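Colleague: Sharing upload_18.cif here; it has mmCIF, C-alpha atoms.
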data_work
#
loop_
_atom_site.label_atom_id
_atom_site.label_comp_id
_atom_site.auth_asym_id
_atom_site.auth_seq_id
_atom_site.Cartn_x
_atom_site.Cartn_y
_atom_site.Cartn_z
CA MET A 1 103.86 63.14 92.54
CA ILE A 2 101.21 65.85 92.40
CA ASP A 3 100.39 64.95 88.81
CA ASN A 4 99.95 61.37 89.90
CA LEU A 5 97.56 61.85 92.79
CA TYR A 6 95.07 59.44 91.27
CA LYS A 7 97.61 56.62 91.30
CA THR A 8 98.82 57.55 94.79
CA PHE A 9 95.29 57.23 96.19
CA ILE A 10 94.63 53.99 94.30
CA ASP A 11 97.91 52.48 95.50
CA ALA A 12 97.19 53.50 99.11
CA THR A 13 93.69 52.03 98.92
CA ARG A 14 95.07 48.82 97.43
CA ASN A 15 97.70 48.50 100.18
CA VAL A 16 95.25 49.17 103.02
CA PHE A 17 92.65 46.78 101.61
CA ASN A 18 95.29 44.13 101.12
CA LEU A 19 96.70 44.43 104.65
CA MET A 20 93.48 44.99 106.57
CA LEU A 21 90.92 43.08 104.53
CA HIS A 22 93.10 40.60 102.65
CA LEU A 23 91.69 41.77 99.33
CA SER A 24 94.14 41.36 96.49
CA GLU A 25 91.93 41.59 93.40
CA ILE A 26 91.43 45.33 93.09
CA SER A 27 90.89 47.27 89.89
CA ASP A 28 89.94 50.84 89.13
CA HIS A 29 88.63 53.07 86.38
CA PRO A 30 87.99 56.80 86.20
CA GLY A 31 84.36 57.86 86.36
CA GLU A 32 82.09 60.42 87.99
CA ASP A 33 78.83 58.52 87.94
CA PHE A 34 79.32 56.48 91.12
CA LYS A 35 76.01 55.35 92.65
CA SER A 36 76.36 54.94 96.40
CA ASP A 37 72.71 54.11 97.40
CA GLU A 38 72.23 54.78 101.12
CA GLY A 39 75.79 53.88 101.99
CA VAL A 40 78.48 55.76 103.82
CA ASP A 41 80.08 58.86 102.32
CA ILE A 42 83.17 59.94 104.23
CA ALA A 43 84.88 63.28 103.55
CA VAL A 44 88.47 63.82 104.66
CA SER A 45 89.59 67.45 104.43
CA ILE A 46 93.21 68.16 103.49
CA VAL A 47 95.11 71.26 104.62
CA GLY A 48 98.65 72.47 103.95
CA ASP A 49 100.47 72.64 100.60
CA LEU A 50 97.34 71.09 99.10
CA GLU A 51 93.89 72.06 100.28
CA GLY A 52 90.55 70.49 99.58
CA GLU A 53 88.92 67.18 100.32
CA VAL A 54 88.74 63.54 99.40
CA ILE A 55 85.37 61.82 99.47
CA TYR A 56 85.13 58.06 99.86
CA ARG A 57 81.80 56.55 98.90
CA PHE A 58 81.11 53.15 100.43
CA PRO A 59 77.83 51.47 99.38
CA VAL A 60 75.92 49.57 102.09
CA SER A 61 76.97 46.07 101.01
CA THR A 62 80.63 47.05 100.65
CA SER A 63 80.61 48.67 104.10
CA LEU A 64 79.02 45.65 105.77
CA ASN A 65 81.42 43.25 104.04
CA MET A 66 84.44 45.30 105.11
CA VAL A 67 83.43 45.30 108.76
CA LYS A 68 82.54 41.61 108.61
CA ILE A 69 86.04 40.77 107.34
CA MET A 70 87.69 42.83 110.08
CA SER A 71 85.56 41.61 112.98
CA GLY A 72 84.45 38.14 111.90
CA MET A 73 80.93 39.22 112.90
CA GLU A 74 77.74 39.70 110.90
CA PHE A 75 76.34 43.20 110.48
CA GLU A 76 72.85 43.82 109.14
CA ALA A 77 72.83 47.59 108.82
CA VAL A 78 75.12 50.57 108.60
CA ASP A 79 75.08 51.85 112.19
CA ASP A 80 77.42 53.92 114.38
CA PHE A 81 79.90 51.04 114.68
CA VAL A 82 80.10 50.40 110.94
CA THR A 83 80.31 54.10 110.06
CA SER A 84 83.10 54.63 112.58
CA ALA A 85 85.11 51.63 111.34
CA ILE A 86 84.71 52.72 107.70
CA SER A 87 85.65 56.31 108.60
CA GLU A 88 88.84 55.07 110.22
CA ILE A 89 89.74 53.15 107.07
CA ALA A 90 89.23 56.32 104.98
CA ASN A 91 91.38 58.15 107.53
CA ILE A 92 94.13 55.51 107.28
CA ILE A 93 94.17 55.59 103.46
CA SER A 94 94.34 59.40 103.47
CA GLY A 95 97.13 59.37 106.06
CA ASN A 96 99.16 56.95 103.95
CA VAL A 97 98.72 59.18 100.90
CA LEU A 98 99.92 62.23 102.85
CA THR A 99 102.97 60.27 104.01
CA GLU A 100 103.75 59.51 100.35
CA LEU A 101 103.27 63.17 99.41
CA SER A 102 105.62 64.31 102.19
CA ALA A 103 108.40 62.34 100.49
CA SER A 104 107.94 64.78 97.59
CA ASP A 105 108.13 67.78 99.92
CA LEU A 106 104.38 68.35 99.92
CA LYS A 107 103.50 69.03 103.53
CA CYS A 108 99.84 68.36 104.19
CA ASP A 109 97.68 67.34 107.11
CA ARG A 110 94.20 65.90 107.33
CA LEU A 111 91.21 66.73 109.47
CA PRO A 112 89.14 64.03 111.19
CA PRO A 113 86.82 62.21 108.77
CA VAL A 114 83.27 63.53 108.53
CA GLN A 115 80.27 61.49 107.47
CA ARG A 116 78.03 62.98 104.79
CA LYS A 117 74.66 61.80 103.62
CA PRO A 118 74.84 60.44 100.07
CA GLY A 119 74.07 63.34 97.74
CA GLU A 120 75.03 65.94 100.36
CA ASP A 121 77.86 67.96 98.84
CA PRO A 122 78.48 71.42 100.34
CA ASN A 123 81.56 71.97 98.14
CA LYS A 124 80.22 70.84 94.78
CA ASP A 125 80.29 74.35 93.29
CA LYS A 126 83.87 75.11 94.38
CA GLU A 127 86.62 75.25 91.79
CA TYR A 128 89.46 72.75 92.13
CA GLU A 129 92.70 72.67 90.20
CA LEU A 130 93.07 68.94 90.75
CA LYS A 131 89.80 67.10 90.44
CA THR A 132 89.35 63.45 89.64
CA SER A 133 86.92 60.64 90.42
CA CYS A 134 87.14 56.90 90.13
CA HIS A 135 85.47 53.59 90.85
CA ILE A 136 87.45 50.98 92.75
CA ASN A 137 86.28 47.41 92.24
CA THR A 138 86.93 44.67 94.77
CA SER A 139 85.56 41.18 95.36
CA ILE A 140 83.35 42.56 98.17
CA GLY A 141 81.94 45.49 96.22
CA GLU A 142 82.71 48.85 94.69
CA ILE A 143 83.98 52.05 96.27
CA GLY A 144 83.82 55.54 94.84
CA LEU A 145 86.64 58.01 95.31
CA GLU A 146 86.53 61.72 94.56
CA ILE A 147 89.64 63.85 94.92
CA ARG A 148 89.32 67.66 94.90
CA LEU A 149 92.42 69.67 95.73
CA ASN A 150 94.03 73.04 95.11
CA ARG A 151 97.73 73.82 95.28
CA ILE A 152 98.46 76.54 97.83
CA MET B 1 89.20 35.27 115.86
CA LEU B 2 90.63 38.76 115.42
CA TRP B 3 94.27 37.80 115.98
CA LYS B 4 96.22 36.39 113.04
CA ASP B 5 99.65 34.76 113.28
CA GLU B 6 100.87 36.95 110.42
CA TYR B 7 100.72 39.90 112.88
CA GLU B 8 103.61 38.46 114.93
CA LEU B 9 106.69 40.68 115.03
CA GLY B 10 109.08 38.08 116.41
CA VAL B 11 109.49 39.98 119.68
CA PRO B 12 107.95 37.73 122.38
CA LEU B 13 106.99 40.47 124.86
CA ILE B 14 105.34 42.66 122.22
CA ASP B 15 103.64 39.71 120.51
CA ALA B 16 102.19 38.51 123.83
CA GLN B 17 100.85 42.01 124.54
CA HIS B 18 99.35 42.28 121.07
CA LYS B 19 97.59 38.94 121.51
CA GLU B 20 96.19 40.09 124.85
CA LEU B 21 95.00 43.35 123.28
CA PHE B 22 93.26 41.52 120.44
CA LYS B 23 91.67 39.08 122.90
CA ARG B 24 90.28 41.89 125.04
CA VAL B 25 89.07 43.90 122.06
CA GLU B 26 87.35 40.79 120.69
CA SER B 27 85.52 40.20 124.00
CA PHE B 28 84.55 43.86 124.04
CA LEU B 29 83.15 43.72 120.51
CA GLN B 30 81.21 40.55 121.24
CA ALA B 31 79.61 42.20 124.27
CA LEU B 32 79.04 45.46 122.40
CA ARG B 33 77.36 43.74 119.45
CA SER B 34 75.40 41.13 121.42
CA ALA B 35 71.61 41.16 121.31
CA THR B 36 71.35 41.79 125.07
CA SER B 37 70.17 45.03 126.63
CA TRP B 38 72.55 47.94 127.11
CA ASP B 39 72.42 47.47 130.90
CA GLU B 40 73.70 43.93 130.51
CA LYS B 41 76.55 45.18 128.30
CA ILE B 42 77.73 47.84 130.74
CA PRO B 43 79.93 45.57 132.96
CA GLU B 44 81.97 44.37 129.96
CA ILE B 45 82.17 47.91 128.56
CA ASN B 46 83.45 49.21 131.91
CA LYS B 47 85.94 46.37 132.19
CA THR B 48 87.31 47.03 128.69
CA LEU B 49 87.65 50.77 129.19
CA ASP B 50 89.52 50.24 132.46
CA PHE B 51 91.77 47.70 130.76
CA MET B 52 92.41 49.89 127.74
CA LYS B 53 93.35 52.93 129.83
CA ARG B 54 95.87 50.90 131.80
CA TYR B 55 97.15 48.27 129.35
CA VAL B 56 97.41 50.40 126.22
CA VAL B 57 99.68 52.85 128.02
CA GLU B 58 101.81 49.99 129.39
CA HIS B 59 102.02 48.22 126.03
CA PHE B 60 102.83 51.37 124.09
CA HIS B 61 105.58 52.15 126.61
CA ASP B 62 107.12 48.68 126.23
CA GLU B 63 106.89 48.88 122.45
CA GLU B 64 108.51 52.32 122.42
CA GLU B 65 111.32 51.07 124.68
CA TYR B 66 111.93 48.24 122.22
CA GLN B 67 112.04 50.72 119.33
CA LYS B 68 114.61 52.82 121.17
CA SER B 69 116.68 49.74 121.97
CA ILE B 70 117.06 48.96 118.26
CA ASN B 71 117.39 52.65 117.22
CA TYR B 72 114.24 52.43 115.12
CA PRO B 73 114.26 55.53 112.86
CA GLY B 74 110.46 55.83 112.86
CA TYR B 75 110.30 56.03 116.67
CA LYS B 76 109.14 59.65 116.92
CA CYS B 77 106.39 59.23 114.36
CA HIS B 78 105.26 55.93 115.88
CA LYS B 79 105.16 57.46 119.36
CA GLN B 80 102.93 60.25 118.05
CA ILE B 81 100.49 57.63 116.71
CA HIS B 82 100.49 55.96 120.16
CA ASP B 83 99.98 59.28 121.96
CA ASP B 84 97.06 60.17 119.69
CA MET B 85 95.40 56.82 120.44
CA VAL B 86 95.93 57.16 124.21
CA ASN B 87 94.37 60.62 124.08
CA TYR B 88 91.42 59.24 122.12
CA VAL B 89 90.86 56.42 124.65
CA LEU B 90 91.06 58.88 127.56
CA ASP B 91 88.70 61.31 125.84
CA VAL B 92 86.13 58.58 125.16
CA SER B 93 86.45 57.34 128.76
CA LYS B 94 85.77 60.82 130.10
CA GLN B 95 82.72 61.22 127.89
CA TYR B 96 81.48 57.79 128.88
CA GLU B 97 81.95 58.41 132.61
CA LYS B 98 79.73 61.47 132.34
CA CYS B 99 76.88 59.34 131.02
CA ASN B 100 77.31 55.58 130.74
CA THR B 101 74.08 55.19 128.80
CA ASN B 102 75.81 56.61 125.75
CA GLU B 103 75.60 53.58 123.50
CA PRO B 104 76.29 55.46 120.22
CA LEU B 105 79.59 56.71 121.70
CA MET B 106 80.64 53.15 122.55
CA GLN B 107 79.57 51.80 119.16
CA GLN B 108 81.69 54.51 117.49
CA PHE B 109 84.58 53.68 119.82
CA GLY B 110 84.30 49.97 118.99
CA GLY B 111 84.32 50.55 115.24
CA ARG B 112 87.30 52.88 115.30
CA LEU B 113 89.22 50.72 117.76
CA LEU B 114 88.76 47.65 115.55
CA ALA B 115 90.02 49.32 112.37
CA TRP B 116 92.80 51.21 114.16
CA LEU B 117 94.15 48.14 115.94
CA ILE B 118 94.20 45.96 112.82
CA ASN B 119 95.95 48.63 110.76
CA HIS B 120 98.40 49.50 113.51
CA VAL B 121 99.53 45.94 114.12
CA ALA B 122 99.24 44.71 110.51
CA ALA B 123 100.98 47.74 108.98
CA GLU B 124 102.69 50.22 111.34
CA ASP B 125 104.17 47.65 113.74
CA GLN B 126 105.34 45.44 110.88
CA LEU B 127 107.67 48.27 109.83
CA ILE B 128 109.47 47.87 113.16
CA ALA B 129 109.83 44.12 112.58
CA ALA B 130 111.09 44.69 109.03
CA TYR B 131 113.69 47.20 110.28
CA ALA B 132 114.83 44.87 113.08
CA LYS B 133 115.18 41.99 110.63
CA LYS B 134 117.10 44.12 108.14
CA LYS B 135 119.50 45.29 110.86
CA GLY B 136 119.79 41.82 112.39
CA VAL B 137 118.45 43.06 115.74
CA SER B 138 115.19 41.16 115.96
CA GLY B 139 115.13 41.36 119.77
CA ASN B 140 114.06 37.80 120.43
CA ASP B 141 115.93 37.89 123.72
CA ARG B 142 113.39 40.24 125.26
#
Could you spell out this file's structure in structure tokens?
Modeller:
Amino acid sequence: MIDNLYKTFIDATRNVFNLMLHLSEISDHPGEDFKSDEGVDIAVSIVGDLEGEVIYRFPVSTSLNMVKIMSGMEFEAVDDFVTSAISEIANIISGNVLTELSASDLKCDRLPPVQRKPGEDPNKDKEYELKTSCHINTSIGEIGLEIRLNRI
Amino acid sequence: MLWKDEYELGVPLIDAQHKELFKRVESFLQALRSATSWDEKIPEINKTLDFMKRYVVEHFHDEEEYQKSINYPGYKCHKQIHDDMVNYVLDVSKQYEKCNTNEPLMQQFGGRLLAWLINHVAAEDQLIAAYAKKKGVSGNDR
């Protein structure tokens, strides 16, 4: 399981997007050069048998489309409402991944999601044993995912 | 419309409560996101918070009783999710009562509530329905 964290996160994202947003066409590819404009970066810290963080990068248009699908309402800008809804989705995906990991006897917990300004990265110089990034493509836009974890 | 028929569990009491929850949350979001002034939004905000504090507790209790009645194995975990949400609603209410001009707090509450409710009913609660169906204890007599 631990060697397949990338797939675990992608599968969890796919399931959540399918159930909550009715998005079925989702693809992914590894890559570190994700451009997130002025969108929403959400960091979810992981503690326990694995420690580190997962950063979800939601560009503006992707964020607005996600909230529009959930609410049926139009949103013109990323505000407190949109950021909170997107943070909860990142929290749900992370929670589902941790549930999967617990089936492999990896006991981890997550801290509440924290919003970061795009480009703000207080942990960029830290060393991580497990580090991977990817782009997730959907019909309503791209999402960037960065996983940085150490085994404890 | 927020509610979707695919969210139905096949348990009339719980389905009716879910529909009521979605209806109230939808009204709340419409008021919260309307172009009117914050003062004009306050009555609907107050109404929703009062409703949530009362109805969420009642609904969660009924849902937990149903889970116990069918020996749902995920009961403990599901109850923890409910308890966390109740605590969040109570915490937001307390913060709001201190200063009901706190629009950012309510916007954050609305966004989280929307995503939480959809995921909870579309994913977590469906696990109960799937278990009940598998065990042949769908609970339609409730």
Colleague: With a distance threshold of 7 Å and counting all atoms listed in the file, extract the residues of chain A near chain B and express them as a list in words.
Modeller: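 So the residues of chain A near chain B are Leu19, Met20, Ser71, Gly72, Asp80, Phe81, Val82, Ser84, Ala85, Glu88 and Ile89 of chain A.
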Colleague: Kindly indicate which residue among A:Asp49, A:Thr62, A:Asn91, A:Glu146 lies nearest to Asn123 (chain A), using all atoms listed in the file for the distances.
Modeller: A:Glu146
Colleague: Can you spell out as a ChimeraX atom specification the set of residues that the PyMOL selection byres ((chain B and resi 66-73) around 7) selects in the structure I just provided?
Modeller: /B:62-65,74-75,128,132,137
Colleague: Using the chain letters and numbers from the file, which residues does the PyMOL selection byres ((chain B and resi 96) around 12) grab, as number ranges by chain?
Modeller: B: 42, 45-46, 49-50, 89-95, 97-109
Colleague: Would you please work out which residue, of A:Gln115, A:Ile143, A:Val54, A:Met66, is nearest to His22 (chain A) when using all atoms listed in the file?
Modeller: A:Met66
Colleague: Excluding His135 (chain A) and any residue of its chain fewer than 5 positions from it, enumerate the residues within 6 Å of it, using all atoms listed in the file, and give them as a ChimeraX atom specification.
Modeller: /A:28-29,143-144
Colleague: With 4 Å added on each side, what axis-aligned box encloses every listed atom of region 43-50 of chain A? Give the centre and edge lengths in Å to one decimal, as lines of an AutoDock Vina configuration file.
Modeller:
center_x = 92.7
center_y = 68.0
center_z = 101.9
size_x = 23.6
size_y = 17.4
size_z = 13.6
Colleague: Using only C-alpha atoms, pick whichever of A:Glu127, A:Asp11, A:Glu51, A:Asp41 has the shortest atom-to-atom distance to Thr83 (chain A).
Modeller: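 Smallest distance to Thr83 (chain A) is found for A:Asp41.
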Colleague: Quick check, in Å to one decimal: how far apart do CA of Leu145 (chain A) and CA of Glu53 (chain A) lie?
Modeller: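 Spanning CA of Leu145 (chain A) to CA of Glu53 (chain A) is a straight-line distance of 10.7 Å.
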Colleague: From the set A:Asn4, A:Ser63, A:Thr99, A:Ser133, which residue has the shortest atom-to-atom contact distance to Arg148 (chain A), counting all atoms listed in the file?
Modeller: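 Residue with the minimum atom-to-atom distance to Arg148 (chain A): A:Ser133.
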Colleague: Evaluating the PyMOL selection byres ((chain B and resi 21) around 9) on the displayed file yields which residues, as a list of chain:residue names?
Modeller: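 On the file shown, the PyMOL selection byres ((chain B and resi 21) around 9) covers B:Ala16, B:Gln17, B:His18, B:Lys19, B:Glu20, B:Phe22, B:Lys23, B:Arg24, B:Val25, B:Glu26, B:Met52, B:Tyr55, B:Val56, B:His59, B:Leu117.
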Colleague: Skip Tyr6 (chain A) itself and residues of its chain fewer than 6 positions away, then list as JSON, numbers by chain all residues within 9 Å of it, counting all atoms listed in the file.
Modeller: {"A": [132, 133, 134, 147]}
Colleague: Please identify all polymer residues within 8 Å of Ser24 (chain A), counting only C-alpha atoms, omitting same-chain residues fewer than 6 positions from it, and present them as a PDB file with C-alpha atoms, in the coordinates of the input.
Modeller:
ATOM      1  CA  ARG A  14      95.070  48.820  97.430  1.00  0.00           C
ATOM      2  CA  PHE A  17      92.650  46.780 101.610  1.00  0.00           C
ATOM      3  CA  ASN A  18      95.290  44.130 101.120  1.00  0.00           C
TER       4      ASN A  18
END
Colleague: By how many Å are CA of Pro12 (chain B) and CA of Gly95 (chain A) apart?
Modeller: 29.2 Å
Colleague: Between CA of Gly10 (chain B) and CA of Lys53 (chain B), what is the distance in Å, rounded to a tenth?
Modeller: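 So the two atoms, CA of Gly10 (chain B) and CA of Lys53 (chain B), lie 25.5 Å apart.
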Colleague: Could you list, as a PyMOL selection string, every residue within 9 Å of Leu130 (chain A), counting only C-alpha atoms and ignoring same-chain residues fewer than 2 positions away?
Modeller: chain A and resi 2-3+5+128+132+147-151
Colleague: Save out the residues we just selected, C-alpha atoms, as a tab-separated table (two decimals), in the coordinates of the input.
Modeller:
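Output contents, as saved in selection-v5.tsv:
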chain	number	residue	atom	x	y	z
A	2	ILE	CA	101.21	65.85	92.40
A	3	ASP	CA	100.39	64.95	88.81
A	5	LEU	CA	97.56	61.85	92.79
A	128	TYR	CA	89.46	72.75	92.13
A	132	THR	CA	89.35	63.45	89.64
A	147	ILE	CA	89.64	63.85	94.92
A	148	ARG	CA	89.32	67.66	94.90
A	149	LEU	CA	92.42	69.67	95.73
A	150	ASN	CA	94.03	73.04	95.11
A	151	ARG	CA	97.73	73.82	95.28
Colleague: Determine the nearest neighbour of Pro30 (chain A) from the options A:Ile10, A:Ile42, A:Ile93, A:Ala77, counting only C-alpha atoms.
Modeller: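 For Pro30 (chain A), the nearest of the given residues is A:Ile10.
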